[in-house]
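Listing of start-v2.cif, mmCIF, C-alpha atoms
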data_target
loop_
_atom_site.group_PDB
_atom_site.id
_atom_site.type_symbol
_atom_site.label_atom_id
_atom_site.label_comp_id
_atom_site.auth_asym_id
_atom_site.auth_seq_id
_atom_site.Cartn_x
_atom_site.Cartn_y
_atom_site.Cartn_z
ATOM 1 C CA MET A 1 -6.848 -54.984 -5.059
ATOM 2 C CA ALA A 2 -8.639 -51.629 -4.902
ATOM 3 C CA GLN A 3 -6.904 -48.736 -6.610
ATOM 4 C CA ALA A 4 -6.106 -45.777 -4.314
ATOM 5 C CA LEU A 5 -8.076 -42.675 -5.123
ATOM 6 C CA PRO A 6 -6.052 -39.495 -5.850
ATOM 7 C CA LEU A 7 -5.986 -36.928 -3.081
ATOM 8 C CA PRO A 8 -7.901 -33.672 -3.739
ATOM 9 C CA PRO A 9 -5.612 -30.662 -4.424
ATOM 10 C CA SER A 10 -5.931 -29.158 -0.913
ATOM 11 C CA ARG A 11 -5.130 -32.453 0.810
ATOM 12 C CA LEU A 12 -2.391 -33.209 -1.695
ATOM 13 C CA GLY A 13 -0.681 -29.899 -0.926
ATOM 14 C CA ASP A 14 -0.998 -30.530 2.796
ATOM 15 C CA TYR A 15 0.436 -34.038 2.342
ATOM 16 C CA PHE A 16 3.492 -32.737 0.512
ATOM 17 C CA ALA A 17 3.922 -29.970 3.088
ATOM 18 C CA ARG A 18 4.029 -32.590 5.838
ATOM 19 C CA VAL A 19 6.535 -34.626 3.862
ATOM 20 C CA LEU A 20 8.711 -31.554 3.310
ATOM 21 C CA ALA A 21 8.464 -30.615 6.989
ATOM 22 C CA ALA A 22 10.037 -33.980 7.794
ATOM 23 C CA SER A 23 13.006 -33.173 5.569
ATOM 24 C CA GLY A 24 15.182 -30.240 6.576
ATOM 25 C CA VAL A 25 16.443 -29.574 3.071
ATOM 26 C CA GLY A 26 13.001 -29.993 1.533
ATOM 27 C CA TYR A 27 11.446 -27.715 4.140
ATOM 28 C CA LEU A 28 13.959 -24.943 3.487
ATOM 29 C CA GLY A 29 13.552 -25.333 -0.263
ATOM 30 C CA ALA A 30 9.774 -25.076 -0.034
ATOM 31 C CA SER A 31 10.029 -22.105 2.338
ATOM 32 C CA TYR A 32 12.362 -20.369 -0.089
ATOM 33 C CA ALA A 33 9.943 -20.979 -2.961
ATOM 34 C CA VAL A 34 6.997 -19.538 -1.000
ATOM 35 C CA SER A 35 9.116 -16.561 0.111
ATOM 36 C CA ARG A 36 10.020 -15.824 -3.490
ATOM 37 C CA TYR A 37 6.378 -16.122 -4.490
ATOM 38 C CA LEU A 38 5.290 -13.611 -1.827
ATOM 39 C CA THR A 39 7.945 -11.012 -2.709
ATOM 40 C CA ARG A 40 8.157 -11.560 -6.475
ATOM 41 C CA ARG A 41 8.337 -8.750 -9.010
ATOM 42 C CA SER A 42 5.074 -7.676 -10.586
ATOM 43 C CA ARG A 43 4.986 -6.408 -14.159
ATOM 44 C CA GLY A 44 1.259 -5.644 -14.175
ATOM 45 C CA THR A 45 0.464 -2.252 -15.637
ATOM 46 C CA GLY A 46 -3.277 -1.654 -15.390
ATOM 47 C CA PRO A 47 -5.061 1.284 -17.035
ATOM 48 C CA ASP A 48 -3.222 4.494 -17.875
ATOM 49 C CA PRO A 49 -4.619 8.004 -17.268
ATOM 50 C CA GLU A 50 -5.548 8.409 -20.937
ATOM 51 C CA SER A 51 -7.937 5.467 -20.636
ATOM 52 C CA ALA A 52 -9.940 7.581 -18.170
ATOM 53 C CA GLY A 53 -9.920 10.608 -20.475
ATOM 54 C CA LEU A 54 -7.043 12.309 -18.643
ATOM 55 C CA THR A 55 -4.041 14.014 -20.216
ATOM 56 C CA SER A 56 -0.902 13.057 -18.333
ATOM 57 C CA GLU A 57 2.741 14.087 -18.202
ATOM 58 C CA ALA A 58 5.437 11.433 -17.757
ATOM 59 C CA LEU A 59 7.563 11.878 -14.638
ATOM 60 C CA HIS A 60 10.850 10.384 -13.460
ATOM 61 C CA CYS A 61 12.766 10.526 -10.188
ATOM 62 C CA ARG A 62 15.382 8.516 -8.294
ATOM 63 C CA ALA A 63 15.249 6.988 -4.805
ATOM 64 C CA ASP A 64 18.164 7.432 -2.417
ATOM 65 C CA ASP A 65 19.400 3.890 -3.091
ATOM 66 C CA GLY A 66 19.547 4.512 -6.859
ATOM 67 C CA ILE A 67 16.260 2.897 -7.938
ATOM 68 C CA GLU A 68 14.797 4.766 -10.911
ATOM 69 C CA LEU A 69 11.083 5.516 -10.600
ATOM 70 C CA ALA A 70 8.639 6.367 -13.364
ATOM 71 C CA GLY A 71 5.178 7.839 -13.046
ATOM 72 C CA TRP A 72 2.785 10.478 -14.288
ATOM 73 C CA SER A 73 0.949 13.633 -13.277
ATOM 74 C CA VAL A 74 -2.437 15.015 -14.290
ATOM 75 C CA GLU A 75 -3.415 18.677 -13.979
ATOM 76 C CA PRO A 76 -6.942 19.851 -13.104
ATOM 77 C CA ALA A 77 -8.837 22.149 -15.470
ATOM 78 C CA GLU A 78 -9.435 24.705 -12.709
ATOM 79 C CA PRO A 79 -6.710 26.324 -10.553
ATOM 80 C CA GLU A 80 -5.276 23.515 -8.465
ATOM 81 C CA LEU A 81 -5.969 23.154 -4.747
ATOM 82 C CA GLY A 82 -2.767 21.238 -4.135
ATOM 83 C CA THR A 83 -1.054 18.009 -5.180
ATOM 84 C CA VAL A 84 -2.157 14.504 -4.244
ATOM 85 C CA ALA A 85 0.493 11.761 -4.428
ATOM 86 C CA LEU A 86 -1.168 8.360 -4.857
ATOM 87 C CA PHE A 87 0.657 5.157 -3.914
ATOM 88 C CA HIS A 88 -0.580 1.781 -5.182
ATOM 89 C CA GLY A 89 -0.763 -1.601 -3.480
ATOM 90 C CA LEU A 90 1.156 -4.883 -3.687
ATOM 91 C CA ARG A 91 1.306 -6.570 -7.099
ATOM 92 C CA GLN A 92 -0.319 -3.503 -8.668
ATOM 93 C CA SER A 93 0.980 -0.392 -10.454
ATOM 94 C CA SER A 94 0.123 3.278 -10.767
ATOM 95 C CA GLY A 95 -2.747 2.105 -12.964
ATOM 96 C CA GLN A 96 -4.543 1.000 -9.786
ATOM 97 C CA VAL A 97 -5.089 4.634 -8.721
ATOM 98 C CA VAL A 98 -6.312 6.033 -12.056
ATOM 99 C CA GLY A 99 -9.952 5.998 -10.918
ATOM 100 C CA ARG A 100 -9.117 7.915 -7.765
ATOM 101 C CA ALA A 101 -7.001 10.357 -9.748
ATOM 102 C CA ALA A 102 -9.855 11.023 -12.174
ATOM 103 C CA ALA A 103 -12.190 11.896 -9.297
ATOM 104 C CA LEU A 104 -9.658 14.087 -7.487
ATOM 105 C CA VAL A 105 -8.565 15.926 -10.638
ATOM 106 C CA ALA A 106 -12.211 16.763 -11.323
ATOM 107 C CA ALA A 107 -12.358 18.237 -7.809
ATOM 108 C CA GLY A 108 -9.403 20.522 -8.500
ATOM 109 C CA TYR A 109 -6.374 18.553 -7.295
ATOM 110 C CA ARG A 110 -3.232 17.802 -9.273
ATOM 111 C CA CYS A 111 -2.542 14.069 -9.053
ATOM 112 C CA VAL A 112 0.827 12.313 -9.168
ATOM 113 C CA ALA A 113 1.459 8.565 -9.169
ATOM 114 C CA PHE A 114 4.585 6.432 -9.551
ATOM 115 C CA ASP A 115 5.170 2.688 -9.811
ATOM 116 C CA PHE A 116 6.911 1.278 -6.757
ATOM 117 C CA ARG A 117 10.204 -0.602 -7.113
ATOM 118 C CA ALA A 118 9.787 -4.108 -8.539
ATOM 119 C CA HIS A 119 6.354 -3.139 -9.854
ATOM 120 C CA GLY A 120 5.333 -2.249 -13.398
ATOM 121 C CA ALA A 121 8.389 -1.609 -15.536
ATOM 122 C CA ILE A 122 10.463 -0.265 -12.646
ATOM 123 C CA SER A 123 13.780 -1.803 -11.564
ATOM 124 C CA GLY A 124 14.150 -3.709 -8.325
ATOM 125 C CA ARG A 125 14.346 -7.416 -7.581
ATOM 126 C CA ARG A 126 11.582 -7.859 -5.016
ATOM 127 C CA SER A 127 8.848 -6.079 -3.123
ATOM 128 C CA SER A 128 9.035 -5.684 0.661
ATOM 129 C CA PHE A 129 5.453 -5.042 1.828
ATOM 130 C CA GLY A 130 6.123 -1.302 2.016
ATOM 131 C CA PHE A 131 9.397 -1.272 3.997
ATOM 132 C CA TYR A 132 11.933 -0.399 1.281
ATOM 133 C CA GLU A 133 9.136 1.166 -0.776
ATOM 134 C CA ALA A 134 9.315 3.906 1.856
ATOM 135 C CA LEU A 135 12.399 5.132 -0.026
ATOM 136 C CA ASP A 136 10.168 5.567 -3.081
ATOM 137 C CA VAL A 137 7.641 7.571 -1.038
ATOM 138 C CA LYS A 138 10.474 9.799 0.153
ATOM 139 C CA ALA A 139 11.709 10.321 -3.423
ATOM 140 C CA VAL A 140 8.225 11.182 -4.722
ATOM 141 C CA ALA A 141 7.590 13.621 -1.868
ATOM 142 C CA ARG A 142 10.916 15.331 -2.566
ATOM 143 C CA TYR A 143 10.203 15.493 -6.301
ATOM 144 C CA VAL A 144 6.740 16.994 -5.844
ATOM 145 C CA GLY A 145 7.997 19.495 -3.265
ATOM 146 C CA ASP A 146 10.729 20.681 -5.619
ATOM 147 C CA ARG A 147 8.456 20.759 -8.682
ATOM 148 C CA TRP A 148 5.477 22.511 -7.077
ATOM 149 C CA PRO A 149 6.812 24.263 -3.962
ATOM 150 C CA GLY A 150 4.680 26.123 -1.467
ATOM 151 C CA ARG A 151 1.456 24.241 -2.220
ATOM 152 C CA PRO A 152 -0.514 21.789 -0.046
ATOM 153 C CA LEU A 153 0.709 18.222 -0.495
ATOM 154 C CA PHE A 154 -1.545 15.255 0.239
ATOM 155 C CA ALA A 155 -0.985 11.500 0.124
ATOM 156 C CA VAL A 156 -3.271 8.555 -0.587
ATOM 157 C CA GLY A 157 -1.892 5.065 -0.014
ATOM 158 C CA LEU A 158 -3.531 1.725 -0.801
ATOM 159 C CA SER A 159 -2.547 -1.295 1.296
ATOM 160 C CA MET A 160 1.222 -1.636 0.727
ATOM 161 C CA GLY A 161 1.283 2.004 -0.411
ATOM 162 C CA ALA A 162 -0.324 3.027 2.877
ATOM 163 C CA ALA A 163 2.288 1.016 4.790
ATOM 164 C CA ALA A 164 5.095 2.658 2.803
ATOM 165 C CA ILE A 165 3.797 6.118 3.778
ATOM 166 C CA CYS A 166 3.934 5.065 7.440
ATOM 167 C CA PHE A 167 7.413 3.551 7.162
ATOM 168 C CA ALA A 168 8.661 6.733 5.468
ATOM 169 C CA ALA A 169 7.188 9.102 8.046
ATOM 170 C CA ARG A 170 10.217 9.285 10.297
ATOM 171 C CA ALA A 171 12.417 10.333 7.352
ATOM 172 C CA THR A 172 9.864 12.484 5.493
ATOM 173 C CA ASN A 173 6.463 13.800 6.514
ATOM 174 C CA PRO A 174 5.641 16.775 4.260
ATOM 175 C CA TRP A 175 1.958 15.932 4.016
ATOM 176 C CA THR A 176 -0.871 18.346 4.709
ATOM 177 C CA ALA A 177 -3.130 15.296 5.184
ATOM 178 C CA VAL A 178 -2.916 11.552 4.536
ATOM 179 C CA VAL A 179 -5.474 8.929 3.496
ATOM 180 C CA LEU A 180 -4.511 5.337 4.366
ATOM 181 C CA GLU A 181 -6.693 2.697 2.723
ATOM 182 C CA SER A 182 -6.764 -0.992 3.682
ATOM 183 C CA LEU A 183 -3.620 -0.683 5.806
ATOM 184 C CA TYR A 184 -2.349 -3.819 7.528
ATOM 185 C CA GLY A 185 -1.302 -3.439 11.154
ATOM 186 C CA ASP A 186 1.169 -6.333 11.333
ATOM 187 C CA ILE A 187 2.371 -8.259 8.250
ATOM 188 C CA ARG A 188 2.614 -11.619 10.031
ATOM 189 C CA THR A 189 -0.995 -11.385 11.229
ATOM 190 C CA THR A 190 -2.060 -10.406 7.720
ATOM 191 C CA PHE A 191 -0.158 -13.329 6.190
ATOM 192 C CA ALA A 192 -1.881 -15.731 8.590
ATOM 193 C CA SER A 193 -5.301 -14.258 7.749
ATOM 194 C CA ARG A 194 -4.808 -14.968 4.043
ATOM 195 C CA ILE A 195 -3.838 -18.641 4.441
ATOM 196 C CA GLY A 196 -6.696 -20.741 3.178
ATOM 197 C CA ILE A 197 -8.208 -17.771 1.302
ATOM 198 C CA ASP A 198 -5.638 -16.125 -0.963
ATOM 199 C CA PHE A 199 -2.925 -18.691 -0.213
ATOM 200 C CA PRO A 200 -3.330 -22.496 -0.056
ATOM 201 C CA ALA A 201 -3.933 -23.882 3.427
ATOM 202 C CA TRP A 202 -0.693 -25.886 3.364
ATOM 203 C CA PHE A 203 1.282 -22.597 3.427
ATOM 204 C CA GLY A 204 0.482 -22.646 7.142
ATOM 205 C CA ARG A 205 2.787 -25.631 7.718
ATOM 206 C CA LEU A 206 5.657 -23.605 6.275
ATOM 207 C CA GLU A 207 4.972 -20.324 8.100
ATOM 208 C CA GLY A 208 8.014 -20.447 10.377
ATOM 209 C CA GLY A 209 10.353 -21.296 7.510
ATOM 210 C CA VAL A 210 8.821 -18.665 5.239
ATOM 211 C CA VAL A 211 9.315 -15.996 7.913
ATOM 212 C CA TRP A 212 12.923 -17.080 8.526
ATOM 213 C CA MET A 213 13.751 -17.210 4.820
ATOM 214 C CA THR A 214 12.058 -13.894 3.990
ATOM 215 C CA GLU A 215 13.894 -12.086 6.771
ATOM 216 C CA ARG A 216 17.230 -13.226 5.379
ATOM 217 C CA ARG A 217 16.360 -12.516 1.760
ATOM 218 C CA MET A 218 15.126 -9.010 2.551
ATOM 219 C CA GLY A 219 17.662 -8.075 5.228
ATOM 220 C CA LEU A 220 15.046 -7.165 7.849
ATOM 221 C CA ARG A 221 12.962 -8.697 10.613
ATOM 222 C CA TRP A 222 9.225 -9.250 10.372
ATOM 223 C CA GLN A 223 8.943 -7.255 13.609
ATOM 224 C CA GLN A 224 9.891 -4.229 11.504
ATOM 225 C CA LEU A 225 6.864 -4.760 9.236
ATOM 226 C CA VAL A 226 4.373 -3.420 11.751
ATOM 227 C CA PRO A 227 2.700 -0.142 10.741
ATOM 228 C CA LEU A 228 1.027 -0.141 14.170
ATOM 229 C CA ASP A 229 4.445 0.741 15.603
ATOM 230 C CA VAL A 230 5.212 3.616 13.220
ATOM 231 C CA ILE A 231 1.905 5.239 12.242
ATOM 232 C CA GLY A 232 2.375 7.662 15.132
ATOM 233 C CA ASP A 233 5.323 9.179 13.251
ATOM 234 C CA LEU A 234 2.792 10.801 10.915
ATOM 235 C CA GLY A 235 1.592 13.053 13.758
ATOM 236 C CA PRO A 236 0.509 15.827 13.868
ATOM 237 C CA THR A 237 -0.591 15.300 10.246
ATOM 238 C CA PRO A 238 -4.346 14.553 9.993
ATOM 239 C CA VAL A 239 -5.012 10.940 8.960
ATOM 240 C CA LEU A 240 -8.116 9.383 7.405
ATOM 241 C CA LEU A 241 -8.111 5.585 7.710
ATOM 242 C CA VAL A 242 -10.392 3.733 5.295
ATOM 243 C CA THR A 243 -11.274 0.061 5.129
ATOM 244 C CA GLY A 244 -14.148 -2.172 4.104
ATOM 245 C CA THR A 245 -16.328 -3.971 6.599
ATOM 246 C CA ALA A 246 -15.551 -7.211 4.709
ATOM 247 C CA ASP A 247 -11.773 -6.690 4.493
ATOM 248 C CA TYR A 248 -10.043 -9.620 6.236
ATOM 249 C CA CYS A 249 -6.559 -8.199 5.513
ATOM 250 C CA ALA A 250 -7.322 -4.837 7.147
ATOM 251 C CA PRO A 251 -10.323 -5.590 9.383
ATOM 252 C CA PRO A 252 -12.162 -2.736 11.112
ATOM 253 C CA ASP A 253 -10.906 -3.639 14.607
ATOM 254 C CA GLU A 254 -7.299 -3.514 13.431
ATOM 255 C CA MET A 255 -7.889 -0.171 11.705
ATOM 256 C CA GLU A 256 -9.346 1.129 14.961
ATOM 257 C CA ARG A 257 -6.115 0.151 16.723
ATOM 258 C CA LEU A 258 -4.178 2.015 14.045
ATOM 259 C CA ARG A 259 -6.357 5.083 14.580
ATOM 260 C CA GLU A 260 -5.634 4.963 18.310
ATOM 261 C CA ARG A 261 -1.880 4.990 17.610
ATOM 262 C CA CYS A 262 -2.075 8.217 15.580
ATOM 263 C CA ARG A 263 -0.648 11.298 17.311
ATOM 264 C CA GLY A 264 -2.653 13.815 15.346
ATOM 265 C CA PRO A 265 -6.273 14.167 14.238
ATOM 266 C CA ALA A 266 -7.444 10.766 12.966
ATOM 267 C CA GLU A 267 -10.706 9.507 11.508
ATOM 268 C CA LEU A 268 -11.884 6.015 10.548
ATOM 269 C CA TRP A 269 -14.306 5.440 7.670
ATOM 270 C CA LEU A 270 -15.774 1.966 7.225
ATOM 271 C CA VAL A 271 -17.136 1.283 3.742
ATOM 272 C CA PRO A 272 -20.071 -1.150 3.986
ATOM 273 C CA GLU A 273 -19.513 -4.557 2.344
ATOM 274 C CA ALA A 274 -16.193 -3.498 0.773
ATOM 275 C CA GLY A 275 -13.294 -5.960 0.711
ATOM 276 C CA HIS A 276 -9.585 -5.340 0.286
ATOM 277 C CA LYS A 277 -9.654 -4.183 -3.336
ATOM 278 C CA ASP A 278 -13.069 -2.659 -4.045
ATOM 279 C CA ILE A 279 -13.346 0.370 -1.755
ATOM 280 C CA LEU A 280 -13.727 2.828 -4.639
ATOM 281 C CA VAL A 281 -16.348 0.670 -6.354
ATOM 282 C CA ARG A 282 -18.361 0.142 -3.169
ATOM 283 C CA ALA A 283 -18.078 3.741 -1.970
ATOM 284 C CA GLY A 284 -18.941 5.330 -5.338
ATOM 285 C CA ASP A 285 -19.424 9.113 -5.236
ATOM 286 C CA GLU A 286 -19.116 9.044 -1.464
ATOM 287 C CA TYR A 287 -15.384 8.408 -1.872
ATOM 288 C CA LEU A 288 -14.710 11.764 -3.522
ATOM 289 C CA ARG A 289 -16.941 13.635 -1.096
ATOM 290 C CA ARG A 290 -15.263 12.139 1.960
ATOM 291 C CA VAL A 291 -11.700 12.513 0.722
ATOM 292 C CA ALA A 292 -12.148 16.001 -0.783
ATOM 293 C CA ASP A 293 -13.841 17.272 2.393
ATOM 294 C CA PHE A 294 -11.010 15.786 4.460
ATOM 295 C CA PHE A 295 -8.335 17.420 2.295
ATOM 296 C CA ASP A 296 -10.161 20.766 2.204
ATOM 297 C CA GLY A 297 -10.505 20.856 5.974
ATOM 298 C CA ALA A 298 -6.855 19.935 6.513
ATOM 299 C CA ALA A 299 -5.699 22.608 4.030
ATOM 300 C CA VAL A 300 -7.743 25.300 5.806
ATOM 301 C CA ALA A 301 -6.345 24.285 9.200
ATOM 302 C CA HIS A 302 -2.810 24.175 7.771
ATOM 303 C CA ALA A 303 -3.164 27.674 6.295
ATOM 304 C CA ALA A 304 -4.551 28.988 9.584
ATOM 305 C CA ASN A 305 -1.601 27.518 11.498
ATOM 306 C CA ASP A 306 0.852 29.100 9.050
ATOM 307 C CA ALA A 307 -0.863 32.473 9.452
ATOM 308 C CA CYS A 308 -0.411 32.281 13.216
ATOM 309 C CA LEU A 309 3.342 31.653 12.969
#
Target format structure tokens, applied to this file:
Amino acid sequence: MAQALPLPPSRLGDYFARVLAASGVGYLGASYAVSRYLTRRSRGTGPDPESAGLTSEALHCRADDGIELAGWSVEPAEPELGTVALFHGLRQSSGQVVGRAAALVAAGYRCVAFDFRAHGAISGRRSSFGFYEALDVKAVARYVGDRWPGRPLFAVGLSMGAAAICFAARATNPWTAVVLESLYGDIRTTFASRIGIDFPAWFGRLEGGVVWMTERRMGLRWQQLVPLDVIGDLGPTPVLLVTGTADYCAPPDEMERLRERCRGPAELWLVPEAGHKDILVRAGDEYLRRVADFFDGAAVAHAANDACL
């Protein structure tokens, strides 16, 4: 009798997913496991400012729900042009924005970055794709405004960090200008786009259960995780949207839809051949030129508006 050959990993996962789908308890258990995987804590640290030759100051603040946040600031050598708050992406830490901070500090901007809740060494049980991280954005904006009052305040958000800026906009929008990199428009569409690429294909058989389980674990509906619906709250603040032409999580057509929803001046910059995590590498020196010019122009317009009041 011929011996059955083992199934390849992709088919094996799909086989078990079909088996679990036939069992209510098994299906819910698998959906819970995937939900936990997607929202798990991340203790990754990444590089610190000193690794890029920067001298930093440790910072601490508290979100409205009691979460303690830790971060750092770096001062420019020349008189500062304003403060840039940088917000990292999912499963990252403030170390993800060190390269951007180094470039912006050299251009004359003070840079501030904090770890989001459930990231790095910060407390918090799970991440929420930017929704509850909006409380962290609010806390950082308040801290910077109190610490360095009366100066232009800019924001740069990467992926989840960009979403958090949008979700926070209705409660706090102190920004002179905002840069949103690799921003998803709708979390469910983004999740579907990653199945078979970042996530195994058999996750697709559990999608409905994962959505149901995640909504209950996080205390929100997936319909609330749609930056397309809230990016307009940033208006009239100028917005620069940035994505790579090869980014399947934040594709150019979706970023164009986000730009159309803005209620203030909005630009879209497509970085050739860049994916979801390599915009700075692909853009090179062009990144600093584009972002610094955008901030400078927004600061001049902001000062002119203040002078007219």
Pull out every residue that the PyMOL selection byres ((chain A and resi 210) around 7) matches in the shown coordinates and put them as a CSV table (one decimal) with C-alpha atoms, in the coordinates of the input.
chain,number,residue,atom,x,y,z
A,31,SER,CA,10.0,-22.1,2.3
A,32,TYR,CA,12.4,-20.4,-0.1
A,34,VAL,CA,7.0,-19.5,-1.0
A,35,SER,CA,9.1,-16.6,0.1
A,206,LEU,CA,5.7,-23.6,6.3
A,207,GLU,CA,5.0,-20.3,8.1
A,208,GLY,CA,8.0,-20.4,10.4
A,209,GLY,CA,10.4,-21.3,7.5
A,211,VAL,CA,9.3,-16.0,7.9
A,212,TRP,CA,12.9,-17.1,8.5
A,213,MET,CA,13.8,-17.2,4.8
A,214,THR,CA,12.1,-13.9,4.0
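Going from CA of Arg125 in chain A to CA of Pro47 in chain A covers 23.3 Å.
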Find the residues around range 170-179 of chain A up to 7 Å (only C-alpha atoms counted), leave out those fewer than 3 positions away in its own chain, and share them as a compact mmCIF listing (two decimals) with C-alpha atoms, keeping the file's coordinate frame.
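Saved to result_30.txt:
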# COMPACT_ATOMS: atom_id res chain seq x y z
CA LYS A 138 10.47 9.80 0.15
CA PRO A 152 -0.51 21.79 -0.05
CA LEU A 153 0.71 18.22 -0.50
CA PHE A 154 -1.54 15.26 0.24
CA ALA A 155 -0.98 11.50 0.12
CA VAL A 156 -3.27 8.56 -0.59
CA GLY A 157 -1.89 5.07 -0.01
CA ASP A 233 5.32 9.18 13.25
CA LEU A 234 2.79 10.80 10.92
CA THR A 237 -0.59 15.30 10.25
CA PRO A 238 -4.35 14.55 9.99
CA VAL A 239 -5.01 10.94 8.96
CA LEU A 240 -8.12 9.38 7.40
CA LEU A 241 -8.11 5.58 7.71
CA PHE A 295 -8.34 17.42 2.30
CA ALA A 298 -6.86 19.93 6.51
CA ALA A 299 -5.70 22.61 4.03
CA HIS A 302 -2.81 24.18 7.77
Open item on the list: For Gly185 in chain A, find every residue with an atom within 6 Å (counting only C-alpha atoms), except residues of its own chain fewer than 3 positions away, and show them as a PyMOL selection string.
Closed with: chain A and resi 226-228
TODO: Please provide the set of residues having any atom within 10 Å of Tyr287 in chain A, restricted to all atoms listed in the file, with same-chain residues fewer than 6 positions apart removed, written as a list in words.
DONE: Arg100, Ala103, Leu104, Val242, Val271, Ile279, Leu280, Val281 and Asp293 of chain A
- [ ] Starting from the displayed file, determine the output of the PyMOL selection byres ((chain A and resi 246) around 8) and express the residue list as an MDAnalysis selection string.
- [x] chainID A and resid 244:245 247:248 251 272:276
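Between CA of Ala107 in chain A and CA of Ala292 in chain A there is a distance of 7.4 Å.
Of the residues listed (A:Glu286, A:Asp48, A:Glu78, A:Asp186), A:Asp48 shows the shortest atom-to-atom separation from Gln96 in chain A; distances use only C-alpha atoms.
The residue that comes closest to Gly108 in chain A, out of A:Leu268, A:Met218, A:Leu288, A:Val144 and on the basis of all atoms listed in the file, is A:Leu288.
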